[in-house]
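Undergrad: Okay, so here is structure-v1.txt, and as you'll see once you scroll down, it has compact mmCIF, N, CA and C atoms.
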```txt
# COMPACT_ATOMS: atom_id res chain seq x y z
N MET A 1 -4.60 -6.22 -2.83
CA MET A 1 -3.84 -7.18 -2.08
C MET A 1 -3.19 -6.54 -0.86
N ALA A 2 -2.68 -5.32 -1.04
CA ALA A 2 -2.01 -4.64 0.06
C ALA A 2 -2.95 -4.43 1.23
N GLU A 3 -4.19 -4.07 0.95
CA GLU A 3 -5.16 -3.88 2.04
C GLU A 3 -5.39 -5.18 2.79
N GLY A 4 -5.57 -6.27 2.09
CA GLY A 4 -5.81 -7.56 2.73
C GLY A 4 -4.64 -7.99 3.59
N ILE A 5 -3.43 -7.80 3.09
CA ILE A 5 -2.23 -8.18 3.83
C ILE A 5 -2.07 -7.29 5.05
N GLY A 6 -2.12 -5.98 4.84
CA GLY A 6 -1.92 -5.04 5.94
C GLY A 6 -2.96 -5.17 7.03
N ALA A 7 -4.22 -5.33 6.66
CA ALA A 7 -5.29 -5.45 7.64
C ALA A 7 -5.11 -6.71 8.48
N HIS A 8 -4.57 -7.75 7.89
CA HIS A 8 -4.42 -9.02 8.59
C HIS A 8 -3.21 -9.04 9.54
N ILE A 9 -2.11 -8.43 9.13
CA ILE A 9 -0.89 -8.55 9.95
C ILE A 9 -0.49 -7.27 10.69
N ALA A 10 -1.25 -6.19 10.50
CA ALA A 10 -0.84 -4.93 11.14
C ALA A 10 -1.96 -4.21 11.86
N SER A 11 -3.02 -4.92 12.19
CA SER A 11 -4.15 -4.24 12.83
C SER A 11 -3.78 -3.63 14.17
N ASP A 12 -2.65 -4.05 14.75
CA ASP A 12 -2.20 -3.48 16.02
C ASP A 12 -1.57 -2.11 15.86
N VAL A 13 -1.11 -1.77 14.64
CA VAL A 13 -0.42 -0.50 14.45
C VAL A 13 -0.99 0.39 13.36
N MET A 14 -1.91 -0.14 12.55
CA MET A 14 -2.45 0.71 11.50
C MET A 14 -3.86 0.30 11.11
N GLU A 15 -4.59 1.30 10.70
CA GLU A 15 -5.91 1.10 10.11
C GLU A 15 -5.72 1.21 8.61
N VAL A 16 -6.04 0.16 7.89
CA VAL A 16 -5.73 0.05 6.47
C VAL A 16 -6.99 0.26 5.64
N SER A 17 -6.84 1.00 4.57
CA SER A 17 -7.93 1.20 3.62
C SER A 17 -7.32 1.26 2.23
N SER A 18 -8.10 0.86 1.25
CA SER A 18 -7.61 0.85 -0.12
C SER A 18 -8.66 1.45 -1.04
N ALA A 19 -8.19 2.13 -2.06
CA ALA A 19 -9.09 2.70 -3.07
C ALA A 19 -8.30 2.86 -4.36
N GLY A 20 -9.02 2.99 -5.45
CA GLY A 20 -8.35 3.10 -6.73
C GLY A 20 -8.81 4.31 -7.52
N VAL A 21 -7.92 4.80 -8.38
CA VAL A 21 -8.29 5.93 -9.24
C VAL A 21 -9.27 5.49 -10.32
N ALA A 22 -9.29 4.19 -10.60
CA ALA A 22 -10.24 3.63 -11.57
C ALA A 22 -10.80 2.33 -10.99
N ALA A 23 -11.57 2.45 -9.91
CA ALA A 23 -12.11 1.27 -9.22
C ALA A 23 -13.08 0.51 -10.13
N LEU A 24 -12.95 -0.82 -10.12
CA LEU A 24 -13.80 -1.67 -10.95
C LEU A 24 -15.17 -1.94 -10.33
N GLY A 25 -15.27 -1.76 -9.01
CA GLY A 25 -16.52 -2.07 -8.32
C GLY A 25 -16.57 -3.50 -7.82
N ARG A 26 -15.53 -4.27 -8.10
CA ARG A 26 -15.43 -5.65 -7.61
C ARG A 26 -13.95 -6.00 -7.47
N VAL A 27 -13.67 -6.93 -6.57
CA VAL A 27 -12.30 -7.42 -6.40
C VAL A 27 -12.15 -8.65 -7.29
N GLN A 28 -11.11 -8.66 -8.09
CA GLN A 28 -10.86 -9.76 -9.02
C GLN A 28 -10.79 -11.11 -8.28
N SER A 29 -11.35 -12.13 -8.88
CA SER A 29 -11.36 -13.46 -8.26
C SER A 29 -9.93 -13.98 -8.05
N LEU A 30 -9.01 -13.71 -8.97
CA LEU A 30 -7.63 -14.17 -8.78
C LEU A 30 -6.94 -13.43 -7.63
N THR A 31 -7.35 -12.20 -7.36
CA THR A 31 -6.82 -11.50 -6.19
C THR A 31 -7.26 -12.22 -4.92
N LYS A 32 -8.54 -12.53 -4.84
CA LYS A 32 -9.07 -13.23 -3.66
C LYS A 32 -8.45 -14.61 -3.52
N LEU A 33 -8.34 -15.34 -4.62
CA LEU A 33 -7.75 -16.69 -4.57
C LEU A 33 -6.29 -16.64 -4.13
N THR A 34 -5.54 -15.68 -4.65
CA THR A 34 -4.12 -15.55 -4.30
C THR A 34 -3.96 -15.22 -2.82
N LEU A 35 -4.75 -14.29 -2.33
CA LEU A 35 -4.69 -13.96 -0.91
C LEU A 35 -5.03 -15.18 -0.06
N ALA A 36 -6.12 -15.86 -0.38
CA ALA A 36 -6.55 -17.03 0.38
C ALA A 36 -5.49 -18.13 0.35
N LYS A 37 -4.90 -18.36 -0.81
CA LYS A 37 -3.87 -19.39 -0.96
C LYS A 37 -2.67 -19.11 -0.05
N ASN A 38 -2.44 -17.83 0.22
CA ASN A 38 -1.30 -17.42 1.06
C ASN A 38 -1.69 -17.13 2.50
N GLY A 39 -2.91 -17.51 2.88
CA GLY A 39 -3.33 -17.40 4.28
C GLY A 39 -3.95 -16.08 4.71
N TYR A 40 -4.35 -15.26 3.75
CA TYR A 40 -4.95 -13.97 4.08
C TYR A 40 -6.44 -13.97 3.73
N PRO A 41 -7.28 -13.53 4.65
CA PRO A 41 -8.71 -13.46 4.34
C PRO A 41 -8.98 -12.36 3.30
N ALA A 42 -9.90 -12.62 2.40
CA ALA A 42 -10.19 -11.64 1.34
C ALA A 42 -11.67 -11.35 1.21
N ASP A 43 -12.50 -11.99 2.02
CA ASP A 43 -13.95 -11.83 1.88
C ASP A 43 -14.44 -10.40 2.12
N GLU A 44 -13.76 -9.66 2.97
CA GLU A 44 -14.20 -8.31 3.32
C GLU A 44 -13.68 -7.23 2.37
N LEU A 45 -12.82 -7.58 1.44
CA LEU A 45 -12.25 -6.59 0.54
C LEU A 45 -13.30 -6.05 -0.42
N GLN A 46 -13.20 -4.76 -0.69
CA GLN A 46 -14.11 -4.09 -1.62
C GLN A 46 -13.31 -3.20 -2.55
N SER A 47 -13.83 -3.06 -3.75
CA SER A 47 -13.24 -2.13 -4.70
C SER A 47 -13.99 -0.81 -4.55
N LYS A 48 -13.26 0.25 -4.23
CA LYS A 48 -13.92 1.55 -4.05
C LYS A 48 -13.09 2.65 -4.69
N PRO A 49 -13.76 3.70 -5.13
CA PRO A 49 -13.03 4.81 -5.75
C PRO A 49 -12.30 5.66 -4.72
N LEU A 50 -11.26 6.31 -5.15
CA LEU A 50 -10.46 7.17 -4.30
C LEU A 50 -11.30 8.24 -3.61
N GLU A 51 -12.33 8.70 -4.28
CA GLU A 51 -13.19 9.75 -3.71
C GLU A 51 -13.89 9.29 -2.43
N ASP A 52 -14.01 7.98 -2.21
CA ASP A 52 -14.70 7.45 -1.03
C ASP A 52 -13.80 7.34 0.19
N VAL A 53 -12.54 7.74 0.07
CA VAL A 53 -11.59 7.61 1.18
C VAL A 53 -11.21 8.99 1.70
N ASP A 54 -11.14 9.11 3.03
CA ASP A 54 -10.76 10.36 3.67
C ASP A 54 -9.23 10.47 3.70
N LEU A 55 -8.67 11.09 2.68
CA LEU A 55 -7.21 11.21 2.58
C LEU A 55 -6.64 12.18 3.60
N GLU A 56 -7.44 13.12 4.05
CA GLU A 56 -6.97 14.11 5.04
C GLU A 56 -6.55 13.45 6.34
N SER A 57 -7.25 12.39 6.74
CA SER A 57 -6.94 11.75 8.02
C SER A 57 -5.83 10.71 7.90
N ALA A 58 -5.37 10.42 6.71
CA ALA A 58 -4.32 9.42 6.52
C ALA A 58 -2.97 9.96 6.96
N ASP A 59 -2.18 9.11 7.59
CA ASP A 59 -0.81 9.46 7.95
C ASP A 59 0.12 9.21 6.77
N ILE A 60 -0.20 8.18 6.00
CA ILE A 60 0.61 7.84 4.83
C ILE A 60 -0.31 7.27 3.75
N ILE A 61 0.02 7.60 2.53
CA ILE A 61 -0.72 7.10 1.38
C ILE A 61 0.28 6.36 0.50
N ILE A 62 0.01 5.09 0.28
CA ILE A 62 0.86 4.30 -0.61
C ILE A 62 0.26 4.39 -2.00
N ASN A 63 1.00 4.92 -2.92
CA ASN A 63 0.55 5.14 -4.28
C ASN A 63 1.09 4.03 -5.18
N MET A 64 0.17 3.22 -5.73
CA MET A 64 0.58 2.15 -6.64
C MET A 64 -0.07 2.34 -8.01
N THR A 65 -0.32 3.59 -8.39
CA THR A 65 -0.99 3.87 -9.65
C THR A 65 -0.05 3.79 -10.85
N GLY A 66 1.24 3.86 -10.60
CA GLY A 66 2.20 3.91 -11.70
C GLY A 66 2.50 5.34 -12.12
N ARG A 67 1.78 6.29 -11.53
CA ARG A 67 2.04 7.72 -11.78
C ARG A 67 2.59 8.34 -10.51
N PRO A 68 3.43 9.35 -10.62
CA PRO A 68 4.00 9.99 -9.42
C PRO A 68 2.92 10.56 -8.51
N GLY A 69 3.13 10.42 -7.21
CA GLY A 69 2.17 10.94 -6.24
C GLY A 69 1.87 12.40 -6.41
N LEU A 70 2.85 13.18 -6.87
CA LEU A 70 2.65 14.61 -7.11
C LEU A 70 1.57 14.86 -8.16
N VAL A 71 1.39 13.93 -9.07
CA VAL A 71 0.41 14.06 -10.14
C VAL A 71 -0.98 13.64 -9.67
N VAL A 72 -1.04 12.62 -8.81
CA VAL A 72 -2.31 12.01 -8.42
C VAL A 72 -2.94 12.67 -7.19
N PHE A 73 -2.12 13.10 -6.24
CA PHE A 73 -2.63 13.58 -4.96
C PHE A 73 -2.30 15.05 -4.72
N GLN A 74 -3.25 15.76 -4.10
CA GLN A 74 -3.04 17.18 -3.81
C GLN A 74 -1.95 17.39 -2.77
N ASP A 75 -1.92 16.54 -1.73
CA ASP A 75 -0.91 16.66 -0.68
C ASP A 75 0.07 15.51 -0.82
N ALA A 76 1.10 15.72 -1.59
CA ALA A 76 2.08 14.66 -1.87
C ALA A 76 3.02 14.41 -0.68
N SER A 77 2.95 15.23 0.37
CA SER A 77 3.83 15.03 1.52
C SER A 77 3.49 13.73 2.25
N LYS A 78 2.29 13.21 2.06
CA LYS A 78 1.87 11.96 2.70
C LYS A 78 2.08 10.75 1.81
N VAL A 79 2.56 10.95 0.61
CA VAL A 79 2.57 9.89 -0.39
C VAL A 79 3.93 9.19 -0.49
N GLU A 80 3.87 7.87 -0.54
CA GLU A 80 5.03 7.05 -0.84
C GLU A 80 4.68 6.26 -2.09
N ASP A 81 5.47 6.44 -3.14
CA ASP A 81 5.21 5.77 -4.42
C ASP A 81 5.83 4.37 -4.42
N TRP A 82 5.02 3.38 -4.76
CA TRP A 82 5.50 2.02 -4.94
C TRP A 82 5.29 1.63 -6.39
N GLU A 83 6.34 1.24 -7.07
CA GLU A 83 6.24 0.72 -8.44
C GLU A 83 5.89 -0.77 -8.33
N VAL A 84 4.61 -1.07 -8.59
CA VAL A 84 4.12 -2.43 -8.47
C VAL A 84 3.41 -2.80 -9.76
N GLU A 85 3.71 -3.98 -10.27
CA GLU A 85 3.06 -4.47 -11.48
C GLU A 85 1.56 -4.68 -11.23
N ASP A 86 0.73 -4.31 -12.18
CA ASP A 86 -0.71 -4.54 -12.09
C ASP A 86 -1.00 -5.90 -12.73
N PRO A 87 -1.48 -6.87 -11.95
CA PRO A 87 -1.70 -8.21 -12.50
C PRO A 87 -3.02 -8.38 -13.25
N TYR A 88 -3.85 -7.35 -13.28
CA TYR A 88 -5.18 -7.46 -13.88
C TYR A 88 -5.11 -8.10 -15.27
N GLY A 89 -5.90 -9.15 -15.46
CA GLY A 89 -5.96 -9.83 -16.74
C GLY A 89 -4.86 -10.86 -16.95
N SER A 90 -4.00 -11.04 -15.96
CA SER A 90 -2.89 -11.98 -16.08
C SER A 90 -3.25 -13.34 -15.48
N ASP A 91 -2.28 -14.26 -15.53
CA ASP A 91 -2.50 -15.61 -15.01
C ASP A 91 -2.18 -15.68 -13.52
N ALA A 92 -2.47 -16.86 -12.93
CA ALA A 92 -2.27 -17.06 -11.49
C ALA A 92 -0.82 -16.87 -11.08
N GLY A 93 0.12 -17.26 -11.93
CA GLY A 93 1.53 -17.09 -11.62
C GLY A 93 1.92 -15.62 -11.46
N THR A 94 1.36 -14.79 -12.32
CA THR A 94 1.62 -13.34 -12.23
C THR A 94 1.03 -12.79 -10.94
N TYR A 95 -0.19 -13.19 -10.62
CA TYR A 95 -0.82 -12.74 -9.37
C TYR A 95 0.03 -13.13 -8.17
N GLN A 96 0.57 -14.36 -8.19
CA GLN A 96 1.40 -14.81 -7.07
C GLN A 96 2.67 -13.98 -6.98
N ARG A 97 3.31 -13.70 -8.09
CA ARG A 97 4.54 -12.89 -8.10
C ARG A 97 4.26 -11.48 -7.57
N VAL A 98 3.16 -10.88 -8.02
CA VAL A 98 2.80 -9.54 -7.55
C VAL A 98 2.45 -9.58 -6.06
N PHE A 99 1.75 -10.63 -5.65
CA PHE A 99 1.43 -10.79 -4.22
C PHE A 99 2.72 -10.79 -3.40
N GLU A 100 3.69 -11.57 -3.80
CA GLU A 100 4.95 -11.67 -3.05
C GLU A 100 5.67 -10.33 -2.98
N ASP A 101 5.64 -9.57 -4.06
CA ASP A 101 6.24 -8.24 -4.07
C ASP A 101 5.51 -7.33 -3.07
N ILE A 102 4.20 -7.30 -3.16
CA ILE A 102 3.41 -6.44 -2.27
C ILE A 102 3.56 -6.87 -0.82
N GLU A 103 3.50 -8.16 -0.56
CA GLU A 103 3.64 -8.64 0.82
C GLU A 103 4.97 -8.19 1.42
N GLY A 104 6.05 -8.31 0.67
CA GLY A 104 7.35 -7.87 1.16
C GLY A 104 7.38 -6.39 1.49
N ARG A 105 6.77 -5.59 0.61
CA ARG A 105 6.73 -4.15 0.84
C ARG A 105 5.87 -3.79 2.06
N VAL A 106 4.75 -4.49 2.21
CA VAL A 106 3.86 -4.23 3.35
C VAL A 106 4.57 -4.61 4.65
N VAL A 107 5.25 -5.73 4.66
CA VAL A 107 5.99 -6.15 5.86
C VAL A 107 7.04 -5.11 6.22
N GLN A 108 7.76 -4.59 5.24
CA GLN A 108 8.76 -3.55 5.51
C GLN A 108 8.10 -2.27 6.04
N LEU A 109 6.97 -1.89 5.46
CA LEU A 109 6.26 -0.70 5.93
C LEU A 109 5.81 -0.88 7.37
N ILE A 110 5.26 -2.03 7.68
CA ILE A 110 4.80 -2.30 9.05
C ILE A 110 5.97 -2.24 10.01
N ASP A 111 7.11 -2.77 9.62
CA ASP A 111 8.30 -2.71 10.47
C ASP A 111 8.70 -1.27 10.73
N ARG A 112 8.65 -0.44 9.70
CA ARG A 112 8.97 0.98 9.86
C ARG A 112 7.99 1.66 10.80
N VAL A 113 6.71 1.32 10.68
CA VAL A 113 5.71 1.91 11.56
C VAL A 113 5.97 1.49 13.00
N ARG A 114 6.22 0.22 13.21
CA ARG A 114 6.45 -0.28 14.58
C ARG A 114 7.71 0.33 15.20
N ARG A 115 8.72 0.63 14.39
CA ARG A 115 9.97 1.22 14.91
C ARG A 115 9.85 2.71 15.16
N SER A 116 8.87 3.35 14.52
CA SER A 116 8.71 4.80 14.71
C SER A 116 8.01 5.06 16.03
N GLY A 117 8.23 6.24 16.58
CA GLY A 117 7.57 6.60 17.82
C GLY A 117 6.09 6.88 17.60
N THR A 118 5.32 6.78 18.65
CA THR A 118 3.89 7.05 18.58
C THR A 118 3.66 8.46 18.05
N GLY A 119 2.81 8.58 17.07
CA GLY A 119 2.48 9.87 16.49
C GLY A 119 3.54 10.44 15.58
N GLU A 120 4.64 9.73 15.40
CA GLU A 120 5.73 10.23 14.56
C GLU A 120 5.70 9.66 13.16
N PHE A 121 4.79 8.74 12.88
CA PHE A 121 4.82 8.09 11.58
C PHE A 121 4.07 8.90 10.55
N THR A 122 4.82 9.50 9.67
CA THR A 122 4.27 10.13 8.48
C THR A 122 5.25 9.81 7.37
N ALA A 123 4.80 9.88 6.15
CA ALA A 123 5.69 9.58 5.03
C ALA A 123 6.93 10.47 5.07
N ARG A 124 6.74 11.76 5.30
CA ARG A 124 7.87 12.69 5.29
C ARG A 124 8.85 12.39 6.42
N ASN A 125 8.36 12.12 7.65
CA ASN A 125 9.26 11.84 8.77
C ASN A 125 10.08 10.58 8.53
N ILE A 126 9.43 9.54 8.03
CA ILE A 126 10.13 8.28 7.79
C ILE A 126 11.16 8.45 6.68
N VAL A 127 10.80 9.11 5.61
CA VAL A 127 11.74 9.31 4.49
C VAL A 127 12.94 10.11 4.96
N GLU A 128 12.71 11.18 5.72
CA GLU A 128 13.82 12.01 6.20
C GLU A 128 14.71 11.21 7.15
N ARG A 129 14.11 10.43 8.04
CA ARG A 129 14.89 9.66 8.99
C ARG A 129 15.75 8.63 8.26
N GLU A 130 15.17 7.94 7.28
CA GLU A 130 15.91 6.90 6.57
C GLU A 130 16.99 7.46 5.66
N SER A 131 16.81 8.69 5.19
CA SER A 131 17.79 9.27 4.26
C SER A 131 18.82 10.14 4.98
N GLY A 132 18.79 10.12 6.29
CA GLY A 132 19.76 10.90 7.03
C GLY A 132 19.45 12.39 7.04
N GLY A 133 18.15 12.73 6.89
CA GLY A 133 17.74 14.12 6.97
C GLY A 133 17.61 14.82 5.64
N GLU A 134 17.92 14.16 4.55
CA GLU A 134 17.79 14.79 3.24
C GLU A 134 16.35 14.71 2.77
N LYS A 135 15.68 15.83 2.74
CA LYS A 135 14.28 15.86 2.31
C LYS A 135 14.16 15.44 0.85
N GLY A 136 13.12 14.65 0.60
CA GLY A 136 12.82 14.24 -0.76
C GLY A 136 13.60 13.02 -1.22
N SER A 137 14.57 12.59 -0.48
CA SER A 137 15.36 11.42 -0.86
C SER A 137 14.71 10.18 -0.25
N ARG A 138 14.67 9.11 -1.02
CA ARG A 138 14.07 7.88 -0.51
C ARG A 138 14.99 6.70 -0.75
N ARG A 139 15.09 5.86 0.24
CA ARG A 139 15.81 4.60 0.08
C ARG A 139 14.78 3.51 -0.09
N ARG A 140 15.01 2.60 -0.97
CA ARG A 140 14.06 1.49 -1.21
C ARG A 140 14.71 0.19 -0.82
```
Just give me the structure as structure tokens.
TA:
Amino acid sequence: MAEGIGAHIASDVMEVSSAGVAALGRVQSLTKLTLAKNGYPADELQSKPLEDVDLESADIIINMTGRPGLVVFQDASKVEDWEVEDPYGSDAGTYQRVFEDIEGRVVQLIDRVRRSGTGEFTARNIVERESGGEKGSRRR
């Protein structure tokens, strides 16, 4: 969902890609329906494994695995952990609730990107700026 939302409303400031540690090989029909119901195109979305994404070129990696970024990624300096419910196997109401959570987070991320200077947007720079210079501290 985050990829569909970000690609639709932030193409002016970011190139969005999504991958999973346990990719199913298909995007769930309720994911597509929920995105479409809320005005986001979902036809181009694909389920792909993390190995298919160039993490080295990423400025920021949003981790929604439920595990700390330090455990999942080799370079955790680019990682921002989001605790997001996984709606897989749930009903349409759950998908909508999760969509609203993710959409709000994506909108906030895009706002942070737009407010940052060109070339200054990295997870570490934004976290330090928002926390008043305290490394490793994050405000949510």
Undergrad: List every residue of chain A that DSSP, applied to the backbone of this structure, places in strand (DSSP E or B), and write the result as a PDB file with N, CA and C atoms, keeping the file's coordinate frame.
TA:
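Saved the output as result.pdb:
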```
ATOM      1  N   GLY A  20      -9.020   2.990  -5.450  1.00  0.00           N
ATOM      2  CA  GLY A  20      -8.350   3.100  -6.730  1.00  0.00           C
ATOM      3  C   GLY A  20      -8.810   4.310  -7.520  1.00  0.00           C
ATOM      4  N   PRO A  49     -13.760   3.700  -5.130  1.00  0.00           N
ATOM      5  CA  PRO A  49     -13.030   4.810  -5.750  1.00  0.00           C
ATOM      6  C   PRO A  49     -12.300   5.660  -4.720  1.00  0.00           C
ATOM      7  N   ILE A  61       0.020   7.600   2.530  1.00  0.00           N
ATOM      8  CA  ILE A  61      -0.720   7.100   1.380  1.00  0.00           C
ATOM      9  C   ILE A  61       0.280   6.360   0.500  1.00  0.00           C
ATOM     10  N   ILE A  62       0.010   5.090   0.280  1.00  0.00           N
ATOM     11  CA  ILE A  62       0.860   4.300  -0.610  1.00  0.00           C
ATOM     12  C   ILE A  62       0.260   4.390  -2.000  1.00  0.00           C
ATOM     13  N   ASN A  63       1.000   4.920  -2.920  1.00  0.00           N
ATOM     14  CA  ASN A  63       0.550   5.140  -4.280  1.00  0.00           C
ATOM     15  C   ASN A  63       1.090   4.030  -5.180  1.00  0.00           C
ATOM     16  N   VAL A  79       2.560  10.950   0.610  1.00  0.00           N
ATOM     17  CA  VAL A  79       2.570   9.890  -0.390  1.00  0.00           C
ATOM     18  C   VAL A  79       3.930   9.190  -0.490  1.00  0.00           C
ATOM     19  N   GLU A  80       3.870   7.870  -0.540  1.00  0.00           N
ATOM     20  CA  GLU A  80       5.030   7.050  -0.840  1.00  0.00           C
ATOM     21  C   GLU A  80       4.680   6.260  -2.090  1.00  0.00           C
ATOM     22  N   ASP A  81       5.470   6.440  -3.140  1.00  0.00           N
ATOM     23  CA  ASP A  81       5.210   5.770  -4.420  1.00  0.00           C
ATOM     24  C   ASP A  81       5.830   4.370  -4.420  1.00  0.00           C
TER      25      ASP A  81
END
```
Undergrad: Hey, can you check how far atom CA of A:Ala19 sits from atom CA of A:Asn38?
TA: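 So the answer is 22.0 Å.
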Undergrad: As an MDAnalysis selection string, please: the residues near stretch 65-68 of chain A (cut-off 7 Å, all atoms listed in the file, same-chain neighbours under 5 positions excluded).
TA: chainID A and resid 73 81:84
Undergrad: Between A:Gly89, A:Val21, A:Glu44, A:Leu33, single out the one closest to A:His8, counting only C-alpha atoms.
TA: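 Of A:Gly89, A:Val21, A:Glu44, A:Leu33, the one nearest A:His8, counting only C-alpha atoms, is A:Glu44.
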Undergrad: Tell me which of A:Val71, A:Ala92, A:Ala42, A:Val16 sits closest to A:Ser57, counting only C-alpha atoms.
TA: A:Val16
Undergrad: Considering all atoms listed in the file, state which residue in the set A:Leu70, A:Ile110, A:Leu50, A:Ile62 is at the smallest distance from A:Ala23.
TA: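 The answer is A:Leu50, which sits nearest to A:Ala23.
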Undergrad: So, with only C-alpha atoms as the atoms that count, which of A:Ala58, A:Val72, A:Gly93, A:Ala7 lies closest to A:Ala22?
TA: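 Of all the options, A:Val72 lies closest to A:Ala22.
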Undergrad: For a test of reading the model, state the distance in Å between atom N of A:Gly104 and atom C of A:Glu85, rounded to one decimal.
TA: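 Calculated distance between atom N of A:Gly104 and atom C of A:Glu85 is 13.2 Å.
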Undergrad: Please indicate the distance in Å from atom CA of A:Glu80 to atom CA of A:Tyr40, rounded to one decimal place.
TA: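 Between these atoms lies a distance of 23.8 Å.
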Undergrad: Using only C-alpha atoms and a cutoff of 9 Å, can you tell me which residues are near (-3.0, 1.6, -1.0) in the file's coordinates, and write them out as a PDB file with N, CA and C atoms, in the coordinates of the input?
TA:
```
ATOM      1  N   MET A   1      -4.600  -6.220  -2.830  1.00  0.00           N
ATOM      2  CA  MET A   1      -3.840  -7.180  -2.080  1.00  0.00           C
ATOM      3  C   MET A   1      -3.190  -6.540  -0.860  1.00  0.00           C
ATOM      4  N   ALA A   2      -2.680  -5.320  -1.040  1.00  0.00           N
ATOM      5  CA  ALA A   2      -2.010  -4.640   0.060  1.00  0.00           C
ATOM      6  C   ALA A   2      -2.950  -4.430   1.230  1.00  0.00           C
ATOM      7  N   GLU A   3      -4.190  -4.070   0.950  1.00  0.00           N
ATOM      8  CA  GLU A   3      -5.160  -3.880   2.040  1.00  0.00           C
ATOM      9  C   GLU A   3      -5.390  -5.180   2.790  1.00  0.00           C
ATOM     10  N   VAL A  16      -6.040   0.160   7.890  1.00  0.00           N
ATOM     11  CA  VAL A  16      -5.730   0.050   6.470  1.00  0.00           C
ATOM     12  C   VAL A  16      -6.990   0.260   5.640  1.00  0.00           C
ATOM     13  N   SER A  17      -6.840   1.000   4.570  1.00  0.00           N
ATOM     14  CA  SER A  17      -7.930   1.200   3.620  1.00  0.00           C
ATOM     15  C   SER A  17      -7.320   1.260   2.230  1.00  0.00           C
ATOM     16  N   SER A  18      -8.100   0.860   1.250  1.00  0.00           N
ATOM     17  CA  SER A  18      -7.610   0.850  -0.120  1.00  0.00           C
ATOM     18  C   SER A  18      -8.660   1.450  -1.040  1.00  0.00           C
ATOM     19  N   ALA A  19      -8.190   2.130  -2.060  1.00  0.00           N
ATOM     20  CA  ALA A  19      -9.090   2.700  -3.070  1.00  0.00           C
ATOM     21  C   ALA A  19      -8.300   2.860  -4.360  1.00  0.00           C
ATOM     22  N   GLY A  20      -9.020   2.990  -5.450  1.00  0.00           N
ATOM     23  CA  GLY A  20      -8.350   3.100  -6.730  1.00  0.00           C
ATOM     24  C   GLY A  20      -8.810   4.310  -7.520  1.00  0.00           C
ATOM     25  N   ILE A  61       0.020   7.600   2.530  1.00  0.00           N
ATOM     26  CA  ILE A  61      -0.720   7.100   1.380  1.00  0.00           C
ATOM     27  C   ILE A  61       0.280   6.360   0.500  1.00  0.00           C
ATOM     28  N   ILE A  62       0.010   5.090   0.280  1.00  0.00           N
ATOM     29  CA  ILE A  62       0.860   4.300  -0.610  1.00  0.00           C
ATOM     30  C   ILE A  62       0.260   4.390  -2.000  1.00  0.00           C
ATOM     31  N   ASN A  63       1.000   4.920  -2.920  1.00  0.00           N
ATOM     32  CA  ASN A  63       0.550   5.140  -4.280  1.00  0.00           C
ATOM     33  C   ASN A  63       1.090   4.030  -5.180  1.00  0.00           C
ATOM     34  N   MET A  64       0.170   3.220  -5.730  1.00  0.00           N
ATOM     35  CA  MET A  64       0.580   2.150  -6.640  1.00  0.00           C
ATOM     36  C   MET A  64      -0.070   2.340  -8.010  1.00  0.00           C
TER      37      MET A  64
END
```
